[in-house]
Every structure is written in structure tokens, then in C-alpha cells.
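This report concerns only the one structure given below.
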Amino acid sequence: MTAELPVPAPSWGTSREMSPFEVMMWRAEADDPRYRSPVLAVEVLDAEPEWDRLAAAVDWATRMVPRFRERVREPLAGLGTPYWIHDLDFDLHYHLRRVRIPGSGPGFWEALGPIAEQCAMTPFDRQRPPWEAVLVEGLPGGGAAFLLKMHHVLTDGLGVVQLLSQLHSRKREHDDAKPQPAAPATESPDPLAEVDRLVRREAGMVPAAGRAARDVLGALARPVAAVRAGARYLDSAVRVLSPPAGGASELLRPRGLSWRFAALDVGFPDLRAAGRAAGGSFNDVYLAALLGGFRIYHERQGRPVPGDATLRTSVPVSVRRPGDAAGGNRWAPARLRAPMGLVDPAERIRAVGAQMRVARDEPALESPDVVAPLLARLPGPLLTLVAGGATTGNDLQASNVPGLRSEAFLCGARIERVYPFAPLPGSAAMISVVTHGDTCCVGANLDAAAITDRDLFAECLAAGFGEVLSLHPGSAEPVIVR
């Protein structure tokens, strides 16, 4: 993580308090490991960085972004919400590691994939800052990989891109002029300050309750309009907070604790052009490709689906606004009865686009922000039961994050690919895409109990992308990373 020019410290991850939604993620996994929430970025490098230079660069990054030297502290007696404090025992040696693959080993992904999977599945030490990094050396061709694992409470996918765009270099050479901030000052927890914080935090609900009461009294002056608006909002909130109607896939019903990764490369200009040919957006064609892959996988497993078959799908939609702080989590779920059974790729793209437009226009799209403060105060087991029910009903979660379009370097090594692997909160598959230059880097995190043949699924997923790419003649074939 190196910088190109002297810039002020990034204003990333500066909020002291966890949002209610982040509290839910943090506490749910403590009671059920199925809801663990690591976000893993696998950066493929064209050369092996010098270890001492990398260690110095990561130390520099923790000084530029102090959140990486902070840990989560639960409030006194478990009352109130967790918050971030400086880790008095911060030890870079714990967070940054290196492994070397034997030189005459297997192919690229055969060697790297298991390391990435095991890294993602290993729980965080909840008494330390929730991030880890691993340099994987000895990859075929003299390359290497840098694995950056962060807890989802630190940020969402867009926040990861914001972070890397500020910390990565735009040139191979070391920059002697980059700023060198001192390590952030540390302070021991103050019990009296914690009590004051708890009172202030919970007392903040009183003005909010007052504003809500004022709104209710105002609505009494126009009861008919208020009832209609309230009914529309509640109806919308049910759609946003609940899995889509319709049966889940029987083939994908089992759930377990083990994850398996698959990765693909798809040409970004080709995929975007294929979407335009069908009158859809990049996100529409991306989702349509995934649905085609799931349909083909069902067929190859001897479970063909009818033309009207749907797949329970959730798509995170960014609700970041201009002025929102970088980092953190600002997204809401768009829930679809996604058209898995449609064979015609153009028809599938248009059907997906229609559903996404409806989902984005839901009046209660951000209703999780309304419900989260209440859920975050539930006891852990009850929180897991309530919140987990909103995600275990999904067969597919799919994320699309714009990535870096220009060249980027890590300690002299060019970053050739960035594969994203997001957590599986009880769903059968979480498939993410990050655009890196002109390549769509697709990372599929698969529940090994739900999708039992990872290699077959990767082939089916490539075939699904092939279907939509056929709408743009001359497109390059998708490539399974092996």
C-alpha cells in the first residue's frame, strides 16, 4: 500500500460509533459462525514485492488510516452499542503474514485458491483490529498475490475501492515524498467516559422519538393521506426486508460452514456492449449472466428448471450520498424473484432490468436503517434468529462494484487483477465483480454444502456469461481462472 503524491491522510473510517447495521453484523456472527462477515480482496501481482518494503508500506497505511490500528470495544455490561478504540497492543507482526508456494507446484488458482479460502474462513481475533493481510509468494511465472481481509463492519465493497484507490501507487518506483504521519496517539479506556458515552448515545433517542411524535401529530391533520402513505411504506418495507415470495431452489437448499472460491475473467467492454444490445445496463447483463449460469448448473445436475423458474436473489444497492464519509457501510438490499428459467439472454436482461428498477424505486429501500437500531439492541441469539432469517432465504447474493480503471502498483509490483470475495450470510452463493481496467474480475464464494461441484459450477457460470456475450458478436470468451 503506497501513495503516489503527498496527500493529507484519507478521511476513511473516521466514525467512532458503529452504525446499528454494523452492530448487527458484528454480534450476529458471535452466536452463529454462518454469519461471519469477512471481505477478501485477492490482488494478483506481476512480481514478488520485497518483503521489508511491503511491511513498511503496510505500516505506513495503518498510520495514514488509523482505523487499521483500532479494535471494537463492547460497552460496559454489554449495554449500548460497540465502538472503535485504539488498540494499545497493536502488533503489525500479527496482521501481516507471508507464505510461499513450492516452485514446481500446481497451476495458479489450484495453488492460490485454497490459501484464500482458508484465510477467509478463519475467524478474526475479536480483541484485535479486524483485518489481516497475507503475501503469497512463489506463484507460477514469478508472480505473487496480496490477500487483504477485512471485517465487513469496516466497510462495504465501494468503501474497499475507496480505500485502495487512496493507498495504492500509480507507479512502480518508491515515492520518497509521500507523507509520513506519526502513529495515532493511544489512550486507555476510561470507565467514566464510557458511562457518559452510553448515556449520551441512548439519550439521543429521545429527540428522535420527539421528532417521530411530531410527525404523527402532523399526520392527524390529514389522516386519509397519512394512512395511505403509511400503508404504502409498510407494504414496501415488507418487500425490502423479507425474502422474495416463491420457493427456494431445492438443489441449493443445504447450508454448511465451508466455503469454496471460483474466479473468472470477463471483458468489461464486451459485457457492457452486450447489455446495451439488449437495452440493459451493465448490472442487468451481469445479473442475467449469473442467472444463466445457475440455470445451466441445475440442468447439468439433472434438475432442469421450467421457463418461469425464479431464483431468490439479493443485490446490495449503494445508498451513499455526496458528503457521506468514506468507508463504513451504506447500502440496502434489493430483493428479486430473478428470472432464472428464461433461456433467451436478451429477454432475461430486460426482465432483470425491470425488476431492478422496481426494487430501486421502493419507498422503503432504506428501511433497514429504520429497523436496524431496534434489532441491534436484541440479545445475540434473538438477533441472529431475526436478522439471519432475512438472508438465509437467498439462493444468490450478487454485488457489482466499480474498480480501478488505471494502472496501480503495490511496492513495485503491478496489480494485474483484483478478485473480490464477499461473505456468505447463510445464502448458497455470493458472487461479486470488480472492474479492473478492461477486465471484469468475478469472484464467487460458494457454500460447499449447497454447491457441491465447484468446478462444474465455474464452467456453468462461464457458459452463462457466454450466453449474454453472444449478443455482442466478436466478444472474447470468458476465462475460468485455473
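Each chain of the C-alpha cells is named A, B, ... in the order shown, its residues numbered from 1; ligands are numbered from 1 in display order.
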
Need the shell around Val160 in chain A: protein/DNA/RNA residues with any atom at most 12 Å away, counting only C-alpha atoms. Skip same-chain ones fewer than 4 positions apart. Format as JSON, numbers by chain?
{"A": [12, 13, 39, 40, 41, 148, 149, 150, 151, 152, 153, 154, 155, 156, 164, 165, 166, 167, 168, 326, 327, 328, 329, 401, 402, 403, 404, 418, 420, 421, 422, 434]}

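Backbone DSSP over range 51-149 of chain A gives strand (DSSP E) for Glu70, Arg71, Val72, Arg73, Tyr83, Trp84, Ile85, His86, Leu96, Arg97, Arg98, Val99, Arg100, Trp131, Glu132, Ala133, Val134, Leu135, Val136, Glu137, Ala144, Ala145, Phe146, Leu147, Leu148 and Lys149 of chain A.
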
Name the closest residue to Val72 in chain A among the candidates A:Val479, A:Met18, A:Leu88, A:Cys119; distances are taken between atoms, counting only C-alpha atoms.
A:Met18

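The smallest atom-to-atom distance between Arg53 in chain A and any of A:Ala309, A:Cys411, A:Ala338, A:Ala145, using only C-alpha atoms, is found for A:Cys411.
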
Between CA of Leu446 in chain A and CA of Trp109 in chain A, what is the distance in Å, rounded to a tenth?
15.5 Å

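Residues lying within 6 Å of range 280-295 of chain A, counting only C-alpha atoms and ignoring same-chain neighbours fewer than 2 positions away, are Arg272, Gly275, Arg276, Ala278, Tyr297, His298, Met340, Arg348, Ile349, Val352, Gly353, Cys460, Leu461, Gly464 and Phe465 of chain A.
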
The selected residues should be written to file as a JSON list (two decimals), in the first residue's frame (atoms: N, CA and C atoms).
```json
[["chain", "number", "residue", "atom", "x", "y", "z"],
["A", 272, "ARG", "N", -20.41, -4.89, -21.31],
["A", 272, "ARG", "CA", -21.22, -3.67, -21.34],
["A", 272, "ARG", "C", -21.93, -3.53, -22.67],
["A", 275, "GLY", "N", -24.93, -5.79, -22.87],
["A", 275, "GLY", "CA", -26.09, -5.24, -22.16],
["A", 275, "GLY", "C", -26.78, -4.17, -22.96],
["A", 276, "ARG", "N", -26.01, -3.31, -23.62],
["A", 276, "ARG", "CA", -26.62, -2.25, -24.42],
["A", 276, "ARG", "C", -27.39, -2.83, -25.60],
["A", 278, "ALA", "N", -29.17, -5.34, -25.64],
["A", 278, "ALA", "CA", -30.48, -5.79, -25.18],
["A", 278, "ALA", "C", -31.26, -4.68, -24.48],
["A", 297, "TYR", "N", -26.33, -24.87, -14.40],
["A", 297, "TYR", "CA", -25.87, -25.74, -13.32],
["A", 297, "TYR", "C", -26.99, -26.69, -12.90],
["A", 298, "HIS", "N", -28.20, -26.19, -12.77],
["A", 298, "HIS", "CA", -29.34, -27.06, -12.44],
["A", 298, "HIS", "C", -29.50, -28.14, -13.51],
["A", 340, "MET", "N", -34.56, -17.00, -13.53],
["A", 340, "MET", "CA", -33.54, -17.99, -13.84],
["A", 340, "MET", "C", -33.91, -18.85, -15.05],
["A", 348, "ARG", "N", -33.91, -12.18, -20.80],
["A", 348, "ARG", "CA", -33.51, -12.27, -19.39],
["A", 348, "ARG", "C", -32.94, -10.95, -18.90],
["A", 349, "ILE", "N", -32.14, -10.30, -19.73],
["A", 349, "ILE", "CA", -31.57, -8.99, -19.36],
["A", 349, "ILE", "C", -32.68, -7.98, -19.13],
["A", 352, "VAL", "N", -34.59, -8.74, -15.87],
["A", 352, "VAL", "CA", -33.80, -8.35, -14.70],
["A", 352, "VAL", "C", -33.84, -6.83, -14.52],
["A", 353, "GLY", "N", -33.67, -6.10, -15.64],
["A", 353, "GLY", "CA", -33.68, -4.64, -15.56],
["A", 353, "GLY", "C", -34.99, -4.11, -15.02],
["A", 460, "CYS", "N", -20.32, -23.73, -15.64],
["A", 460, "CYS", "CA", -21.68, -23.26, -15.92],
["A", 460, "CYS", "C", -21.75, -21.74, -15.84],
["A", 461, "LEU", "N", -21.03, -21.16, -14.89],
["A", 461, "LEU", "CA", -21.01, -19.71, -14.77],
["A", 461, "LEU", "C", -20.38, -19.08, -16.02],
["A", 464, "GLY", "N", -22.87, -19.15, -18.67],
["A", 464, "GLY", "CA", -23.87, -18.10, -18.50],
["A", 464, "GLY", "C", -23.38, -16.77, -19.03],
["A", 465, "PHE", "N", -22.11, -16.45, -18.79],
["A", 465, "PHE", "CA", -21.55, -15.23, -19.37],
["A", 465, "PHE", "C", -21.46, -15.35, -20.89]]
```

Contacts of range 129-133 of chain A at 7 Å or less, counting only C-alpha atoms, minus same-chain residues fewer than 3 places along, as a PyMOL selection string?
chain A and resi 68-71+95-97+124+126+147-151

Could you write out the selected residues, including N, CA and C atoms, as a PDB file, in the first residue's frame?
```pdb
ATOM      1  N   PHE A  68      -7.154   1.183  11.016  1.00  0.00           N
ATOM      2  CA  PHE A  68      -6.489  -0.109  10.982  1.00  0.00           C
ATOM      3  C   PHE A  68      -5.657  -0.378  12.229  1.00  0.00           C
ATOM      4  N   ARG A  69      -5.579   0.594  13.133  1.00  0.00           N
ATOM      5  CA  ARG A  69      -4.951   0.379  14.432  1.00  0.00           C
ATOM      6  C   ARG A  69      -5.995   0.410  15.549  1.00  0.00           C
ATOM      7  N   GLU A  70      -7.243   0.251  15.193  1.00  0.00           N
ATOM      8  CA  GLU A  70      -8.329   0.296  16.173  1.00  0.00           C
ATOM      9  C   GLU A  70      -9.050  -1.044  16.229  1.00  0.00           C
ATOM     10  N   ARG A  71      -9.592  -1.327  17.380  1.00  0.00           N
ATOM     11  CA  ARG A  71     -10.378  -2.545  17.562  1.00  0.00           C
ATOM     12  C   ARG A  71     -11.773  -2.177  18.062  1.00  0.00           C
ATOM     13  N   HIS A  95      -0.814  -9.043  12.084  1.00  0.00           N
ATOM     14  CA  HIS A  95      -1.748  -8.764  10.992  1.00  0.00           C
ATOM     15  C   HIS A  95      -1.173  -9.048   9.605  1.00  0.00           C
ATOM     16  N   LEU A  96       0.129  -8.958   9.435  1.00  0.00           N
ATOM     17  CA  LEU A  96       0.761  -9.127   8.118  1.00  0.00           C
ATOM     18  C   LEU A  96       1.597 -10.401   8.117  1.00  0.00           C
ATOM     19  N   ARG A  97       1.319 -11.283   7.151  1.00  0.00           N
ATOM     20  CA  ARG A  97       1.999 -12.569   7.097  1.00  0.00           C
ATOM     21  C   ARG A  97       2.441 -12.853   5.664  1.00  0.00           C
ATOM     22  N   PHE A 124     -11.791 -13.905  12.845  1.00  0.00           N
ATOM     23  CA  PHE A 124     -10.955 -12.822  13.368  1.00  0.00           C
ATOM     24  C   PHE A 124     -10.785 -12.980  14.878  1.00  0.00           C
ATOM     25  N   ARG A 126     -11.335 -11.159  17.911  1.00  0.00           N
ATOM     26  CA  ARG A 126     -12.210 -10.019  18.173  1.00  0.00           C
ATOM     27  C   ARG A 126     -11.605  -9.037  19.182  1.00  0.00           C
ATOM     28  N   LEU A 147      -3.320 -10.762  -0.295  1.00  0.00           N
ATOM     29  CA  LEU A 147      -4.669 -11.003   0.205  1.00  0.00           C
ATOM     30  C   LEU A 147      -4.952 -10.024   1.331  1.00  0.00           C
ATOM     31  N   LEU A 148      -5.948  -9.185   1.150  1.00  0.00           N
ATOM     32  CA  LEU A 148      -6.360  -8.225   2.175  1.00  0.00           C
ATOM     33  C   LEU A 148      -7.747  -8.616   2.662  1.00  0.00           C
ATOM     34  N   LYS A 149      -7.802  -9.000   3.921  1.00  0.00           N
ATOM     35  CA  LYS A 149      -9.051  -9.464   4.528  1.00  0.00           C
ATOM     36  C   LYS A 149      -9.492  -8.466   5.585  1.00  0.00           C
ATOM     37  N   MET A 150     -10.725  -7.993   5.460  1.00  0.00           N
ATOM     38  CA  MET A 150     -11.267  -7.027   6.414  1.00  0.00           C
ATOM     39  C   MET A 150     -12.656  -7.479   6.857  1.00  0.00           C
ATOM     40  N   HIS A 151     -12.979  -7.178   8.082  1.00  0.00           N
ATOM     41  CA  HIS A 151     -14.340  -7.457   8.537  1.00  0.00           C
ATOM     42  C   HIS A 151     -15.300  -6.487   7.858  1.00  0.00           C
TER      43      HIS A 151
END
```

With DSSP run on the backbone, what are the alpha helix (DSSP H) residues within range 234-304 of chain A? I'd like them as an NGL selection string.
:A and (234-241 or 268-277 or 282-300)

Expected file contents, prior selection, N, CA and C atoms, as a JSON list (two decimals), in the first residue's frame:
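Output file part.json follows:
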```json
[["chain", "number", "residue", "atom", "x", "y", "z"],
["A", 234, "LEU", "N", -45.29, 0.62, 4.57],
["A", 234, "LEU", "CA", -45.21, -0.67, 5.24],
["A", 234, "LEU", "C", -45.18, -1.81, 4.23],
["A", 235, "ASP", "N", -46.00, -1.69, 3.19],
["A", 235, "ASP", "CA", -46.01, -2.72, 2.15],
["A", 235, "ASP", "C", -44.64, -2.81, 1.49],
["A", 236, "SER", "N", -44.03, -1.65, 1.23],
["A", 236, "SER", "CA", -42.71, -1.62, 0.63],
["A", 236, "SER", "C", -41.67, -2.19, 1.59],
["A", 237, "ALA", "N", -41.78, -1.87, 2.87],
["A", 237, "ALA", "CA", -40.80, -2.36, 3.85],
["A", 237, "ALA", "C", -40.83, -3.87, 3.94],
["A", 238, "VAL", "N", -42.00, -4.46, 3.84],
["A", 238, "VAL", "CA", -42.10, -5.92, 3.87],
["A", 238, "VAL", "C", -41.34, -6.53, 2.68],
["A", 239, "ARG", "N", -41.48, -5.90, 1.51],
["A", 239, "ARG", "CA", -40.77, -6.41, 0.33],
["A", 239, "ARG", "C", -39.26, -6.26, 0.49],
["A", 240, "VAL", "N", -38.83, -5.15, 1.08],
["A", 240, "VAL", "CA", -37.39, -4.91, 1.21],
["A", 240, "VAL", "C", -36.77, -5.82, 2.26],
["A", 241, "LEU", "N", -37.47, -6.05, 3.36],
["A", 241, "LEU", "CA", -36.89, -6.77, 4.49],
["A", 241, "LEU", "C", -37.09, -8.27, 4.43],
["A", 268, "PHE", "N", -14.69, -6.35, -19.89],
["A", 268, "PHE", "CA", -15.64, -5.32, -19.49],
["A", 268, "PHE", "C", -16.31, -4.64, -20.68],
["A", 269, "PRO", "N", -15.56, -4.18, -21.71],
["A", 269, "PRO", "CA", -16.23, -3.53, -22.84],
["A", 269, "PRO", "C", -17.22, -4.47, -23.54],
["A", 270, "ASP", "N", -16.87, -5.75, -23.66],
["A", 270, "ASP", "CA", -17.76, -6.71, -24.32],
["A", 270, "ASP", "C", -19.04, -6.90, -23.52],
["A", 271, "LEU", "N", -18.91, -7.04, -22.21],
["A", 271, "LEU", "CA", -20.09, -7.28, -21.38],
["A", 271, "LEU", "C", -21.00, -6.06, -21.37],
["A", 272, "ARG", "N", -20.41, -4.89, -21.31],
["A", 272, "ARG", "CA", -21.22, -3.67, -21.34],
["A", 272, "ARG", "C", -21.93, -3.53, -22.67],
["A", 273, "ALA", "N", -21.23, -3.84, -23.78],
["A", 273, "ALA", "CA", -21.85, -3.75, -25.10],
["A", 273, "ALA", "C", -22.98, -4.76, -25.25],
["A", 274, "ALA", "N", -22.82, -5.95, -24.67],
["A", 274, "ALA", "CA", -23.89, -6.95, -24.73],
["A", 274, "ALA", "C", -25.13, -6.46, -24.01],
["A", 275, "GLY", "N", -24.93, -5.79, -22.87],
["A", 275, "GLY", "CA", -26.09, -5.24, -22.16],
["A", 275, "GLY", "C", -26.78, -4.17, -22.96],
["A", 276, "ARG", "N", -26.01, -3.31, -23.62],
["A", 276, "ARG", "CA", -26.62, -2.25, -24.42],
["A", 276, "ARG", "C", -27.39, -2.83, -25.60],
["A", 277, "ALA", "N", -26.89, -3.93, -26.15],
["A", 277, "ALA", "CA", -27.58, -4.55, -27.29],
["A", 277, "ALA", "C", -28.98, -5.02, -26.91],
["A", 282, "PHE", "N", -25.07, -2.34, -17.37],
["A", 282, "PHE", "CA", -24.04, -3.31, -17.04],
["A", 282, "PHE", "C", -24.51, -4.24, -15.92],
["A", 283, "ASN", "N", -25.16, -3.68, -14.91],
["A", 283, "ASN", "CA", -25.63, -4.51, -13.81],
["A", 283, "ASN", "C", -26.68, -5.52, -14.29],
["A", 284, "ASP", "N", -27.54, -5.11, -15.22],
["A", 284, "ASP", "CA", -28.56, -6.02, -15.74],
["A", 284, "ASP", "C", -27.92, -7.21, -16.45],
["A", 285, "VAL", "N", -26.93, -6.94, -17.30],
["A", 285, "VAL", "CA", -26.31, -8.03, -18.06],
["A", 285, "VAL", "C", -25.48, -8.91, -17.14],
["A", 286, "TYR", "N", -24.89, -8.33, -16.11],
["A", 286, "TYR", "CA", -24.12, -9.11, -15.14],
["A", 286, "TYR", "C", -25.03, -10.09, -14.40],
["A", 287, "LEU", "N", -26.16, -9.60, -13.89],
["A", 287, "LEU", "CA", -27.09, -10.48, -13.19],
["A", 287, "LEU", "C", -27.67, -11.53, -14.11],
["A", 288, "ALA", "N", -27.96, -11.14, -15.35],
["A", 288, "ALA", "CA", -28.51, -12.11, -16.32],
["A", 288, "ALA", "C", -27.50, -13.22, -16.59],
["A", 289, "ALA", "N", -26.21, -12.89, -16.63],
["A", 289, "ALA", "CA", -25.18, -13.91, -16.84],
["A", 289, "ALA", "C", -25.15, -14.89, -15.67],
["A", 290, "LEU", "N", -25.23, -14.37, -14.45],
["A", 290, "LEU", "CA", -25.23, -15.24, -13.28],
["A", 290, "LEU", "C", -26.43, -16.17, -13.30],
["A", 291, "LEU", "N", -27.59, -15.63, -13.62],
["A", 291, "LEU", "CA", -28.81, -16.46, -13.65],
["A", 291, "LEU", "C", -28.70, -17.54, -14.71],
["A", 292, "GLY", "N", -28.11, -17.21, -15.86],
["A", 292, "GLY", "CA", -27.89, -18.23, -16.88],
["A", 292, "GLY", "C", -26.99, -19.34, -16.35],
["A", 293, "GLY", "N", -25.95, -18.96, -15.60],
["A", 293, "GLY", "CA", -25.06, -19.96, -15.02],
["A", 293, "GLY", "C", -25.79, -20.86, -14.04],
["A", 294, "PHE", "N", -26.67, -20.31, -13.23],
["A", 294, "PHE", "CA", -27.42, -21.13, -12.28],
["A", 294, "PHE", "C", -28.38, -22.07, -13.01],
["A", 295, "ARG", "N", -29.01, -21.58, -14.08],
["A", 295, "ARG", "CA", -29.93, -22.44, -14.85],
["A", 295, "ARG", "C", -29.16, -23.63, -15.44],
["A", 296, "ILE", "N", -28.00, -23.34, -16.02],
["A", 296, "ILE", "CA", -27.19, -24.39, -16.64],
["A", 296, "ILE", "C", -26.70, -25.38, -15.57],
["A", 297, "TYR", "N", -26.33, -24.87, -14.40],
["A", 297, "TYR", "CA", -25.87, -25.74, -13.32],
["A", 297, "TYR", "C", -26.99, -26.69, -12.90],
["A", 298, "HIS", "N", -28.20, -26.19, -12.77],
["A", 298, "HIS", "CA", -29.34, -27.06, -12.44],
["A", 298, "HIS", "C", -29.50, -28.14, -13.51],
["A", 299, "GLU", "N", -29.39, -27.74, -14.77],
["A", 299, "GLU", "CA", -29.55, -28.72, -15.85],
["A", 299, "GLU", "C", -28.46, -29.78, -15.79],
["A", 300, "ARG", "N", -27.21, -29.35, -15.57],
["A", 300, "ARG", "CA", -26.09, -30.29, -15.56],
["A", 300, "ARG", "C", -26.14, -31.22, -14.34]]
```

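When only C-alpha atoms are used to compute distances to Ala47 in chain A, the closest of the residues A:Lys178, A:Arg253, A:Arg67, A:Arg172 turns out to be A:Arg172.
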
Can you pull out the residues contacting range 330-336 of chain A? Cut-off 6 Å, using only C-alpha atoms, and skip same-chain residues under 4 positions away; I want them as a ChimeraX atom specification.
/A:313-320,359,366

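Comparing A:Asp32, A:Arg303, A:Asp324, A:Gly143 by their smallest distance to Thr14 in chain A, the closest is A:Asp324 (using only C-alpha atoms).
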
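For the set A:Gly279, A:Pro123, A:Pro345, A:Pro478, the residue with the smallest atom-to-atom gap to Glu29 in chain A is A:Pro123, counting only C-alpha atoms.
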
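Taking CA of Gly159 in chain A and CA of Arg360 in chain A as the two end points, the separation is 20.3 Å.
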